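Source file: coords-v6.txt. Holds: compact mmCIF, C-alpha atoms.
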```
# COMPACT_ATOMS: atom_id res chain seq x y z
CA MET A 21 187.81 -71.70 41.63
CA MET A 22 184.18 -71.31 40.53
CA GLU A 23 185.03 -72.68 37.09
CA VAL A 24 186.46 -75.85 38.69
CA LEU A 25 183.31 -76.33 40.79
CA LEU A 26 181.16 -75.83 37.71
CA PHE A 27 183.21 -78.38 35.76
CA PHE A 28 182.85 -81.14 38.38
CA THR A 29 179.20 -80.28 38.99
CA GLY A 30 178.52 -80.57 35.28
CA MET A 31 180.24 -83.95 35.18
CA ILE A 32 178.15 -85.33 38.07
CA VAL A 33 174.94 -83.86 36.67
CA ALA A 34 175.44 -85.49 33.26
CA PHE A 35 176.51 -88.82 34.76
CA VAL A 36 173.44 -89.10 36.99
CA GLY A 37 171.12 -87.50 34.45
CA THR A 38 172.00 -89.93 31.65
CA LEU A 39 171.50 -93.04 33.78
CA ALA A 40 168.40 -92.01 35.73
CA GLY A 41 167.49 -88.43 34.84
CA SER A 42 167.07 -85.47 37.20
CA GLY A 43 170.72 -84.44 37.20
CA GLY A 44 169.43 -80.88 37.02
CA LEU A 45 168.26 -81.09 40.61
CA ILE A 46 171.91 -81.45 41.54
CA GLY A 47 173.25 -78.77 39.23
CA MET A 48 170.56 -76.12 39.68
CA PRO A 49 170.94 -75.73 43.48
CA MET A 50 174.73 -75.63 43.11
CA MET A 51 174.61 -72.84 40.52
CA LEU A 52 172.16 -70.85 42.62
CA LEU A 53 174.38 -71.38 45.66
CA LEU A 54 177.27 -69.90 43.67
CA GLY A 55 175.20 -66.77 43.11
CA ILE A 56 174.34 -67.37 39.47
CA PRO A 57 170.93 -65.83 38.57
CA VAL A 58 168.14 -68.37 38.07
CA HIS A 59 167.58 -67.68 34.36
CA THR A 60 171.33 -67.82 33.69
CA SER A 61 171.43 -71.11 35.61
CA ILE A 62 168.64 -72.50 33.43
CA ALA A 63 170.40 -71.30 30.27
CA THR A 64 173.65 -72.89 31.45
CA ALA A 65 171.84 -76.18 32.05
CA LYS A 66 170.31 -76.04 28.57
CA PHE A 67 173.72 -75.46 26.95
CA SER A 68 175.40 -78.29 28.87
CA ASN A 69 172.53 -80.62 28.01
CA ILE A 70 172.95 -79.82 24.32
CA ILE A 71 176.59 -80.94 24.54
CA SER A 72 176.18 -83.94 26.84
CA SER A 73 172.94 -85.36 25.43
CA SER A 74 174.12 -85.13 21.82
CA SER A 75 177.41 -86.88 22.63
CA SER A 76 175.72 -89.73 24.52
CA PHE A 77 173.04 -90.07 21.83
CA VAL A 78 175.64 -90.33 19.05
CA TYR A 79 177.43 -93.06 21.01
CA LEU A 80 174.19 -95.08 21.43
CA LEU A 81 173.31 -94.48 17.77
CA LYS A 82 176.69 -95.87 16.68
CA GLU A 83 176.14 -98.86 18.97
CA ARG A 84 172.79 -99.42 17.17
CA LYS A 85 170.73 -99.17 20.35
CA VAL A 86 168.32 -96.96 18.41
CA THR A 87 167.85 -95.86 14.79
CA PHE A 88 167.63 -92.26 13.65
CA LYS A 89 164.33 -93.10 11.95
CA GLU A 90 162.86 -93.90 15.38
CA CYS A 91 163.96 -90.47 16.61
CA LEU A 92 162.58 -88.35 13.77
CA PRO A 93 159.02 -87.95 15.19
CA ILE A 94 160.54 -86.54 18.38
CA ILE A 95 162.10 -83.52 16.63
CA PRO A 96 158.94 -81.35 16.25
CA LEU A 97 157.67 -82.34 19.71
CA GLY A 98 160.95 -81.55 21.45
CA ALA A 99 161.65 -78.34 19.55
CA ALA A 100 158.14 -76.91 19.92
CA GLY A 101 157.97 -77.83 23.60
CA GLY A 102 161.41 -76.41 24.41
CA ILE A 103 160.70 -73.12 22.66
CA ALA A 104 157.25 -72.78 24.24
CA GLY A 105 158.64 -73.41 27.72
CA ALA A 106 161.47 -70.92 27.28
CA PHE A 107 159.01 -68.21 26.21
CA LEU A 108 157.09 -68.75 29.45
CA SER A 109 160.17 -68.78 31.69
CA ASP A 110 160.28 -65.02 32.30
CA LYS A 111 156.61 -64.98 33.28
CA ILE A 112 156.63 -67.60 36.07
CA ASN A 113 158.06 -67.18 39.56
CA PRO A 114 161.07 -69.52 40.16
CA ALA A 115 159.46 -70.73 43.41
CA VAL A 116 156.45 -71.93 41.44
CA LEU A 117 158.76 -73.80 39.08
CA GLU A 118 160.35 -75.61 42.04
CA TRP A 119 156.92 -76.75 43.24
CA MET A 120 156.19 -78.00 39.72
CA ALA A 121 159.38 -80.06 39.74
CA PHE A 122 158.45 -81.55 43.12
CA PHE A 123 154.97 -82.68 42.07
CA PHE A 124 156.07 -83.93 38.65
CA LEU A 125 158.72 -86.13 40.26
CA LEU A 126 156.36 -87.36 42.96
CA PHE A 127 153.80 -88.29 40.32
CA ALA A 128 156.42 -90.13 38.25
CA LEU A 129 157.64 -92.13 41.26
CA LEU A 130 154.12 -93.11 42.38
CA LEU A 131 153.16 -94.08 38.84
CA SER A 132 156.24 -96.27 38.57
CA LEU A 133 155.56 -98.02 41.88
CA VAL A 134 151.90 -98.66 40.99
CA LYS A 135 152.29 -99.74 37.37
CA GLY A 136 155.85 -101.03 37.41
CA ILE A 137 158.38 -100.92 34.57
CA LYS A 138 158.17 -103.38 31.72
CA THR A 139 160.07 -104.15 28.55
CA THR A 140 158.61 -104.78 25.16
CA SER A 141 158.54 -108.37 24.01
CA SER A 142 157.09 -107.84 20.55
CA LYS A 143 158.14 -106.25 17.28
CA ALA A 144 155.05 -104.02 17.23
CA PRO A 145 155.67 -100.36 16.31
CA TYR A 146 156.14 -98.03 19.23
CA ASN A 147 153.43 -95.37 19.28
CA LEU A 148 154.86 -92.21 20.75
CA PRO A 149 152.81 -90.68 23.59
CA VAL A 150 152.76 -87.33 21.77
CA GLY A 151 150.95 -85.26 24.41
CA LYS A 152 153.15 -86.43 27.27
CA LEU A 153 156.37 -85.86 25.34
CA PHE A 154 155.34 -82.34 24.31
CA LEU A 155 154.43 -81.38 27.89
CA ILE A 156 157.71 -82.76 29.24
CA SER A 157 159.70 -80.81 26.64
CA SER A 158 157.74 -77.67 27.53
CA TYR A 159 158.67 -78.19 31.17
CA ASP A 160 162.29 -78.72 30.07
CA GLY A 161 162.33 -75.36 28.29
CA LEU A 162 160.61 -73.71 31.23
CA PHE A 163 162.83 -75.05 34.01
CA GLY A 164 164.08 -78.59 33.45
CA PRO A 165 165.10 -80.55 36.58
CA GLY A 166 163.34 -83.92 36.57
CA GLN A 167 162.58 -83.75 32.84
CA ALA A 168 164.79 -86.69 31.84
CA THR A 169 163.40 -88.86 34.64
CA LEU A 170 159.86 -88.16 33.43
CA LEU A 171 160.86 -89.06 29.87
CA MET A 172 162.49 -92.29 31.02
CA TYR A 173 159.44 -93.34 33.02
CA THR A 174 157.23 -92.52 30.03
CA HIS A 175 159.22 -94.68 27.59
CA LEU A 176 159.87 -97.54 30.01
CA MET A 177 156.24 -97.83 31.04
CA HIS A 178 155.25 -97.93 27.38
CA GLY A 179 157.45 -101.00 26.97
CA LEU A 180 160.81 -99.83 25.62
CA SER A 181 164.13 -101.36 26.66
CA TYR A 182 166.38 -99.40 29.02
CA LEU A 183 169.07 -98.56 26.44
CA LYS A 184 166.53 -97.46 23.83
CA THR A 185 164.86 -95.37 26.51
CA VAL A 186 168.19 -93.70 27.34
CA ALA A 187 168.82 -93.02 23.64
CA LEU A 188 165.39 -91.47 22.97
CA THR A 189 165.58 -89.47 26.20
CA ARG A 190 169.01 -88.06 25.33
CA PHE A 191 167.83 -87.18 21.81
CA GLN A 192 164.68 -85.40 22.99
CA THR A 193 166.71 -83.60 25.65
CA PHE A 194 169.09 -82.37 22.94
CA VAL A 195 166.24 -81.11 20.74
CA SER A 196 164.23 -79.39 23.50
CA CYS A 197 167.33 -77.82 25.07
CA LEU A 198 168.52 -76.51 21.69
CA GLY A 199 165.17 -74.84 21.07
CA ALA A 200 165.04 -73.40 24.59
CA PHE A 201 168.68 -72.25 24.57
CA ILE A 202 168.13 -70.16 21.45
CA ILE A 203 165.38 -68.25 23.28
CA TYR A 204 167.52 -67.78 26.42
CA LEU A 205 170.39 -66.56 24.23
CA ILE A 206 168.15 -64.04 22.47
CA ASN A 207 166.85 -62.82 25.84
CA GLY A 208 170.40 -62.23 27.11
CA HIS A 209 170.46 -64.89 29.85
CA VAL A 210 173.62 -66.71 28.69
CA ASP A 211 176.94 -66.25 30.53
CA TRP A 212 179.63 -68.11 28.57
CA MET A 213 182.08 -68.04 31.51
CA THR A 214 179.55 -70.16 33.39
CA ALA A 215 178.21 -72.23 30.52
CA VAL A 216 181.49 -73.48 29.03
CA PRO A 217 183.13 -75.14 32.11
CA PHE A 218 179.78 -76.66 33.12
CA ALA A 219 179.31 -78.08 29.62
CA LEU A 220 182.85 -79.51 29.44
CA GLY A 221 182.26 -81.42 32.67
CA ALA A 222 178.88 -82.61 31.37
CA LEU A 223 180.50 -83.95 28.21
CA ILE A 224 182.84 -86.20 30.21
CA GLY A 225 180.09 -87.31 32.60
CA ALA A 226 177.79 -88.26 29.71
CA GLN A 227 180.45 -90.38 28.01
CA LEU A 228 181.20 -92.26 31.24
CA SER A 229 177.53 -92.94 31.92
CA VAL A 230 176.56 -94.33 28.49
CA ARG A 231 179.36 -96.87 28.78
CA LEU A 232 178.02 -97.97 32.14
CA ALA A 233 174.39 -98.03 30.96
CA GLY A 234 174.93 -101.14 28.84
CA ARG A 235 175.79 -103.13 31.96
CA LEU A 236 172.53 -102.38 33.75
CA SER A 237 169.55 -104.73 33.56
CA ILE A 238 166.01 -103.36 33.33
CA LYS A 239 165.43 -104.36 36.96
CA GLN A 240 168.56 -102.50 38.10
CA ALA A 241 167.59 -99.49 35.97
CA GLY A 242 164.14 -99.40 37.54
CA LYS A 243 165.58 -99.50 41.04
CA LEU A 244 168.08 -96.77 40.17
CA LEU A 245 165.31 -94.55 38.79
CA ASN A 246 163.20 -95.02 41.92
CA ILE A 247 166.10 -94.38 44.31
CA ILE A 248 167.29 -91.26 42.49
CA THR A 249 163.75 -89.92 42.23
CA PHE A 250 163.00 -90.56 45.92
CA ILE A 251 166.21 -88.76 46.99
CA LEU A 252 165.45 -85.83 44.72
CA ILE A 253 161.87 -85.56 46.00
CA LEU A 254 163.23 -85.34 49.54
CA GLN A 255 165.79 -82.72 48.47
CA VAL A 256 163.26 -80.54 46.66
CA GLY A 257 160.64 -80.95 49.39
CA LEU A 258 163.05 -79.92 52.14
CA SER A 259 164.27 -76.92 50.12
CA LEU A 260 160.67 -75.80 49.62
CA LEU A 261 159.83 -76.15 53.32
CA PHE A 262 163.00 -74.55 54.69
```
Exercise: express the given structure as structure tokens:
Amino acid sequence: MMEVLLFFTGMIVAFVGTLAGSGGLIGMPMMLLLGIPVHTSIATAKFSNIISSSSSFVYLLKERKVTFKECLPIIPLGAAGGIAGAFLSDKINPAVLEWMAFFFLLFALLLSLVKGIKTTSSKAPYNLPVGKLFLISSYDGLFGPGQATLLMYTHLMHGLSYLKTVALTRFQTFVSCLGAFIIYLINGHVDWMTAVPFALGALIGAQLSVRLAGRLSIKQAGKLLNIITFILILQVGLSLLF
């Protein structure tokens, strides 16, 4: 029974997470509710993200929504950040991590509402916001929920199109989660009976979402990001208070 719940949870998490990010704030509470230890829950999320993000990225790459050359600079940032965050995970209280997720999401939503989301209208090279991307990957390795939303806001507000934003976000998620998962595996936090059904569901959810993503306009994507983020802020805030 638990495997079935994990499968469908993984599918929902990947579907929401690919389109608007923050799917982890659905999956993490569910895994904790099922009695799965917090570090095993984080490791499970990293493994499922490796599977789902790589599959959705490959689809977008084949559809030429992004080139692999554009993704290359992300590899050292994502890997270093994911590994650094995973090393810190055993040293920080889970309650502190939940507060971090709350304030990161609140900041992202307020920034979006103040500055708005734009698309690029020129052929000028895209300069990666290196510091922001490294910090977000570090947070992903450390805990994770809200990480994809922060990445999407970062790319969109620097002028990228929605589909390219999704592609770069999925690629960086893959890289940072792979680096972090290796550390969690070495530290003995991986439970394959939990990780495998969750990842299988995530694989299906990711494939469904990337096919829907192409039908969304930048205006619709912005609204979806704001709605999802607002709901998640309420969820995290209430869980922290009660």
*Figure out the distance between atom CA of Phe107 of chain A and atom CA of Leu92 of chain A, please, to one decimal in Å.*
23.9 Å
*List the neighbours of segment 148-160 of chain A out to 6 Å using all atoms listed in the file; skip same-chain residues closer than 6 positions along the sequence, and give me the result as a ChimeraX atom specification.*
/A:97-98,101-102,104-105,167,196
Output C-alpha atoms for every residue in that selection, as a PDB file, in the frame of the given file.
```pdb
ATOM      1  CA  LEU A  97     157.670 -82.340  19.710  1.00  0.00           C
ATOM      2  CA  GLY A  98     160.950 -81.550  21.450  1.00  0.00           C
ATOM      3  CA  GLY A 101     157.970 -77.830  23.600  1.00  0.00           C
ATOM      4  CA  GLY A 102     161.410 -76.410  24.410  1.00  0.00           C
ATOM      5  CA  ALA A 104     157.250 -72.780  24.240  1.00  0.00           C
ATOM      6  CA  GLY A 105     158.640 -73.410  27.720  1.00  0.00           C
ATOM      7  CA  GLN A 167     162.580 -83.750  32.840  1.00  0.00           C
ATOM      8  CA  SER A 196     164.230 -79.390  23.500  1.00  0.00           C
TER       9      SER A 196
END
```
*Counting only C-alpha atoms, which of A:Gln227, A:Asn113, A:Ser181, A:Thr193 gets nearest to Pro165 of chain A?*
A:Thr193
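Remark: for Leu126 of chain A, the closest of the candidate residues A:Ala106, A:Leu170, A:Leu205, A:Val78 is A:Leu170 (distances computed over all atoms listed in the file).
Here the question is which of A:Phe67, A:Phe27, A:Trp212, A:Phe250 gets nearest to Gly199 of chain A using only C-alpha atoms, and that residue is A:Phe67.
Considering all atoms listed in the file, the residue among A:Ala187, A:Val230, A:Ala63, A:Leu223 positioned nearest to Lys85 of chain A is A:Ala187.
The shortest atom-to-atom distance to Ser75 of chain A, with only C-alpha atoms taken into account, belongs to A:Ala226 out of A:Met50, A:Met213, A:Ala226, A:Leu232.
Going from atom CA of Val216 of chain A to atom CA of Leu52 of chain A covers 16.7 Å.
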*Pairwise distance for atom CA of Leu228 of chain A and atom CA of Phe35 of chain A, rounded to one decimal in Å*: 6.8 Å
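Between His178 of chain A and the candidates A:Asn207, A:Ser61, A:Asn147, A:Ser76, the tightest atom-to-atom separation, counting all atoms listed in the file, involves A:Asn147.
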